[in-house]
Amino acid sequence: MIRICDVTFTYEGEEKASLLHCSLEVGQGEFVLLCGKSGCGKTTLTKLINGLVPTQIPGTLSGSVWINNENTADQPTWKLSETVGSVFQNPRTQFFNLDTTSEVVYGMENKGVPKAAIMERMQQVVAEYHLQPLMEKSVFELSGGEKQKIAIASAYMEQPEIYVLDEPSANLDQEEILRLQGLLKQLKKQGKTIVIAEHRVWYLADLLDRALWLEEGAIAKEWSQDEFKALTPEQCSIWSIRSVNPVEVYEEWVQIQSSDGLMVKNLAVKRGQRILWKNLSFTALKGTVATICGKNGVGKTTLVQCLCGLRTCKQGELYLEGRRMNRKQLCKNSFLIMQDVNHQLFSDSVLSEAMLGNGASENEAIEVLNTMGLSGFLEKHPMALSGGQKQRLAVATGCLSQKEIIVFDEPTSGLDLDNMKRVGDLINMLCEKNKIVIVITHDLEFINYLRATVVTIG
């Protein structure tokens with residue numbers, strides 16, 4: 001079904017190969033998990049299978065890739081897409097339409113499928129994947145997790161023989177991860193071939209046939225399903241693999257009323273014609289981490305935009321150390337690391353990005369970048385980094401910002417175990433400096449690592 005033969009690929013402008021003498025065979029109906037540290041080549045390997053490398057993404061390729069005994073070099077991308085369905089790490093980059101319904105049906109419309117057949121298939125997908133609340137919406141109004149669902153549904157619509165998914169659970173809440181797990185289980189029963197690059201692996205342990213560990217652009221280790229499920233926490237730590245078992249949060253949120261931090265009182269926010277929540281009250285204390293949890297689309301990102309002064313509240317008050325804050329004051333005292341960090345990377349090198357607008361010295365910036373495992377990329381353009389590396393760079397800029405309130409929106413999406421711990425250690429350093437740290441996350445492993453309190457909204 002899939003045969004990758006001694007492939008080496010180097011992105012245009014790069015000296016180091018992203019894939020190096022990589023070979024892989026995936027049989028029909030096989031479920032293969034790709035894991036490995038951020039930047040190891042997982043995303044490049046998925047783009048090799050769906051034909052984006054090298055036809056749409058320039059670089060130097062040696063070796064060959066075969067899908068159903070046909071060399072992908074001899075097939076146009078549109079032809080290959082009839083066999084291979086893709087879900088990208090950043091779903092926004094694969095959208096072609098302004099509304100969700102048009103996006104879901106786009107692939108079939110583009111292939112000239114009769115309208116009646118498209119509508120019948122759409123109704124089936126909407127019912128199976130519980131999409132009704134998201135239909136007929138602007139894609140710009142979706143949360144990160146909702147975008148992820150639409151991207152997955154778009155691939156599922158066309159019923160390809162091969163599914164290639166890159167971090168599909170990165171922005172999903174626990175309920176949606178289980179829904180994705182059910183969909184993947186269904187695809188496996190149908191005999192579909194699935195290749196999935198993922199860090200949060202617990203929901204895949206009972207589905208995969210093989211797990212492959214990539215290192216420096218090559219496959220360095222392989223486990224069967226039984227071997228993978230038997231990995232101990234100590235072995236997972238050695239390989240920087242997230243938990244292979246379901247995770248539960250250790251601690252519950254305890255309501256604390258105090259002026260020593262950021263106090264939120266009776267907050268309500270209206271988005272469009274809908275009030276997301278009202279009478280929300282909690283305190284984020286100095287020197288601690290407060291995590292904001294809730295289902296996809298409930299308004300978590302909207303909440304932190306209010307906390308940072310980027311959005312007007314319908315009602316409610318915010319106090320910083322006992323002083324009531326307006327939007328301008330909140331903006332002055334806060335720094336937001338966005339869910340899609342591509343929106344906040346501006347400089348032409350990693351080092352200059354880390355020093356941008358914060359008064360940090362070069363030595364201070366290098367020290368934090370070293371903590372994030374980015375010291376080897378100081379002169380590299382930020383947009384040339386992998387998804388996980390961009391995430392860590394944005395975290396580093398937030399930590400260098402000198403603001404009193406540091407807000408992280410899904411800071412561990414796309415991060416392996418080691419880099420999750422790096423981000424956690426940096427956040428704990430901010431707590432030691434008596435900062436107010438607020439984290440939006442669905443990552444229960446991360447919450448446990450931080451020993452954070454939890455505020456659940458919605």
# chains A, B, ... in the order shown; residues from 1 in each chain; ligands from 1

call {"tool": "residues_around", "arguments": {"residues": "A:Thr8", "least_positions_apart": "3", "cutoff": "8 Å", "atoms": "only C-alpha atoms", "output": "ChimeraX atom specification"}}
result
/A:17-22,60-63

call {"tool": "write_last_selection", "arguments": {"atoms": "all heavy atoms", "output": "PDB file, in the first residue's frame"}}
result
ATOM      1  N   ALA A  17      19.175  17.581   6.595  1.00  0.00           N
ATOM      2  CA  ALA A  17      18.047  16.838   6.031  1.00  0.00           C
ATOM      3  C   ALA A  17      16.985  16.603   7.094  1.00  0.00           C
ATOM      4  O   ALA A  17      17.294  16.286   8.245  1.00  0.00           O
ATOM      5  CB  ALA A  17      18.517  15.508   5.464  1.00  0.00           C
ATOM      6  N   SER A  18      15.726  16.742   6.706  1.00  0.00           N
ATOM      7  CA  SER A  18      14.624  16.454   7.618  1.00  0.00           C
ATOM      8  C   SER A  18      14.344  14.959   7.679  1.00  0.00           C
ATOM      9  O   SER A  18      13.956  14.439   8.720  1.00  0.00           O
ATOM     10  CB  SER A  18      13.361  17.201   7.175  1.00  0.00           C
ATOM     11  OG  SER A  18      12.308  16.992   8.075  1.00  0.00           O
ATOM     12  N   LEU A  19      14.517  14.272   6.555  1.00  0.00           N
ATOM     13  CA  LEU A  19      14.463  12.818   6.507  1.00  0.00           C
ATOM     14  C   LEU A  19      15.793  12.314   5.961  1.00  0.00           C
ATOM     15  O   LEU A  19      16.322  12.870   4.994  1.00  0.00           O
ATOM     16  CB  LEU A  19      13.320  12.325   5.622  1.00  0.00           C
ATOM     17  CG  LEU A  19      11.895  12.596   6.114  1.00  0.00           C
ATOM     18  CD1 LEU A  19      10.882  12.158   5.064  1.00  0.00           C
ATOM     19  CD2 LEU A  19      11.628  11.901   7.446  1.00  0.00           C
ATOM     20  N   LEU A  20      16.324  11.249   6.573  1.00  0.00           N
ATOM     21  CA  LEU A  20      17.654  10.778   6.188  1.00  0.00           C
ATOM     22  C   LEU A  20      17.630   9.259   6.015  1.00  0.00           C
ATOM     23  O   LEU A  20      17.479   8.515   6.983  1.00  0.00           O
ATOM     24  CB  LEU A  20      18.676  11.182   7.261  1.00  0.00           C
ATOM     25  CG  LEU A  20      20.144  10.886   6.964  1.00  0.00           C
ATOM     26  CD1 LEU A  20      20.623  11.669   5.740  1.00  0.00           C
ATOM     27  CD2 LEU A  20      21.010  11.225   8.183  1.00  0.00           C
ATOM     28  N   HIS A  21      17.748   8.821   4.732  1.00  0.00           N
ATOM     29  CA  HIS A  21      17.749   7.385   4.408  1.00  0.00           C
ATOM     30  C   HIS A  21      16.604   6.668   5.130  1.00  0.00           C
ATOM     31  O   HIS A  21      16.787   5.646   5.786  1.00  0.00           O
ATOM     32  CB  HIS A  21      19.095   6.755   4.774  1.00  0.00           C
ATOM     33  CG  HIS A  21      20.259   7.341   4.027  1.00  0.00           C
ATOM     34  ND1 HIS A  21      20.396   7.237   2.659  1.00  0.00           N
ATOM     35  CD2 HIS A  21      21.317   8.085   4.469  1.00  0.00           C
ATOM     36  CE1 HIS A  21      21.497   7.861   2.282  1.00  0.00           C
ATOM     37  NE2 HIS A  21      22.067   8.392   3.360  1.00  0.00           N
ATOM     38  N   CYS A  22      15.418   7.227   4.987  1.00  0.00           N
ATOM     39  CA  CYS A  22      14.230   6.712   5.662  1.00  0.00           C
ATOM     40  C   CYS A  22      13.514   5.694   4.775  1.00  0.00           C
ATOM     41  O   CYS A  22      13.234   5.983   3.605  1.00  0.00           O
ATOM     42  CB  CYS A  22      13.288   7.862   6.008  1.00  0.00           C
ATOM     43  SG  CYS A  22      11.837   7.366   6.966  1.00  0.00           S
ATOM     44  N   THR A  60      15.066  19.149  -1.785  1.00  0.00           N
ATOM     45  CA  THR A  60      15.829  18.151  -2.533  1.00  0.00           C
ATOM     46  C   THR A  60      15.467  16.767  -2.037  1.00  0.00           C
ATOM     47  O   THR A  60      15.589  16.466  -0.841  1.00  0.00           O
ATOM     48  CB  THR A  60      17.337  18.383  -2.355  1.00  0.00           C
ATOM     49  OG1 THR A  60      17.669  19.710  -2.774  1.00  0.00           O
ATOM     50  CG2 THR A  60      18.129  17.382  -3.180  1.00  0.00           C
ATOM     51  N   LEU A  61      14.996  15.919  -2.951  1.00  0.00           N
ATOM     52  CA  LEU A  61      14.534  14.583  -2.597  1.00  0.00           C
ATOM     53  C   LEU A  61      15.338  13.526  -3.332  1.00  0.00           C
ATOM     54  O   LEU A  61      15.549  13.611  -4.538  1.00  0.00           O
ATOM     55  CB  LEU A  61      13.047  14.437  -2.957  1.00  0.00           C
ATOM     56  CG  LEU A  61      12.422  13.047  -2.762  1.00  0.00           C
ATOM     57  CD1 LEU A  61      12.292  12.718  -1.284  1.00  0.00           C
ATOM     58  CD2 LEU A  61      11.060  12.958  -3.456  1.00  0.00           C
ATOM     59  N   SER A  62      15.772  12.514  -2.578  1.00  0.00           N
ATOM     60  CA  SER A  62      16.341  11.314  -3.196  1.00  0.00           C
ATOM     61  C   SER A  62      15.590  10.113  -2.641  1.00  0.00           C
ATOM     62  O   SER A  62      15.014  10.169  -1.559  1.00  0.00           O
ATOM     63  CB  SER A  62      17.837  11.200  -2.898  1.00  0.00           C
ATOM     64  OG  SER A  62      18.063  11.027  -1.510  1.00  0.00           O
ATOM     65  N   GLY A  63      15.588   9.017  -3.377  1.00  0.00           N
ATOM     66  CA  GLY A  63      14.783   7.872  -3.002  1.00  0.00           C
ATOM     67  C   GLY A  63      13.430   7.939  -3.686  1.00  0.00           C
ATOM     68  O   GLY A  63      13.188   8.806  -4.541  1.00  0.00           O
TER      69      GLY A  63
END

call {"tool": "select_by_dssp", "arguments": {"residues": "stretch 3-55 of chain A", "states": "strand (DSSP E)", "output": "list of chain:residue names"}}
result
A:Arg3, A:Ile4, A:Cys5, A:Asp6, A:Val7, A:Thr8, A:Phe9, A:Thr10, A:Tyr11, A:Leu19, A:Leu20, A:His21, A:Cys22, A:Ser23, A:Leu24, A:Glu25, A:Val26, A:Phe31, A:Val32, A:Leu33, A:Leu34, A:Cys35

call {"tool": "write_last_selection", "arguments": {"atoms": "C-alpha atoms", "output": "short mmCIF file (atom, residue, chain, number, x, y, z; two decimals), in the first residue's frame"}}
result
data_model
loop_
_atom_site.label_atom_id
_atom_site.label_comp_id
_atom_site.auth_asym_id
_atom_site.auth_seq_id
_atom_site.Cartn_x
_atom_site.Cartn_y
_atom_site.Cartn_z
CA ARG A 3 6.38 1.97 0.32
CA ILE A 4 9.05 4.55 1.15
CA CYS A 5 12.45 3.55 -0.21
CA ASP A 6 15.65 5.11 1.18
CA VAL A 7 14.27 8.66 1.15
CA THR A 8 16.37 11.66 2.07
CA PHE A 9 14.67 15.05 1.94
CA THR A 10 16.09 18.50 2.68
CA TYR A 11 13.86 21.56 2.69
CA LEU A 19 14.46 12.82 6.51
CA LEU A 20 17.65 10.78 6.19
CA HIS A 21 17.75 7.39 4.41
CA CYS A 22 14.23 6.71 5.66
CA SER A 23 12.50 3.49 4.59
CA LEU A 24 9.04 2.26 5.55
CA GLU A 25 6.40 -0.16 4.34
CA VAL A 26 2.77 0.03 5.46
CA PHE A 31 -2.60 1.34 11.58
CA VAL A 32 0.82 2.91 12.15
CA LEU A 33 1.72 5.50 14.79
CA LEU A 34 4.64 7.84 14.20
CA CYS A 35 6.15 9.25 17.37
#

call {"tool": "residues_around", "arguments": {"residues": "stretch 311-313 of chain A", "least_positions_apart": "4", "cutoff": "7 Å", "atoms": "only C-alpha atoms", "output": "list in words"}}
result
Leu267, Ala268, Val269, Gln305 and Cys306 of chain A

call {"tool": "residues_around", "arguments": {"residues": "A:Tyr203", "least_positions_apart": "6", "cutoff": "8 Å", "atoms": "only C-alpha atoms", "output": "JSON, numbers by chain"}}
result
{"A": [177, 178, 181, 244, 245, 246]}

call {"tool": "residues_around", "arguments": {"residues": "A:Gly182", "least_positions_apart": "4", "cutoff": "12 Å", "atoms": "only C-alpha atoms", "output": "JSON, numbers by chain"}}
result
{"A": [128, 129, 130, 175, 176, 177, 178, 186, 187, 188, 189, 203, 204, 206, 207]}

call {"tool": "select_by_dssp", "arguments": {"residues": "stretch 88-133 of chain A", "states": "alpha helix (DSSP H)", "output": "number ranges by chain"}}
result
A: 100-110, 115-128

call {"tool": "residues_around", "arguments": {"residues": "stretch 155-165 of chain A", "least_positions_apart": "6", "cutoff": "7 Å", "atoms": "only C-alpha atoms", "output": "MDAnalysis selection string"}}
result
chainID A and resid 46 82:88 107:108 121:122 125 192:197
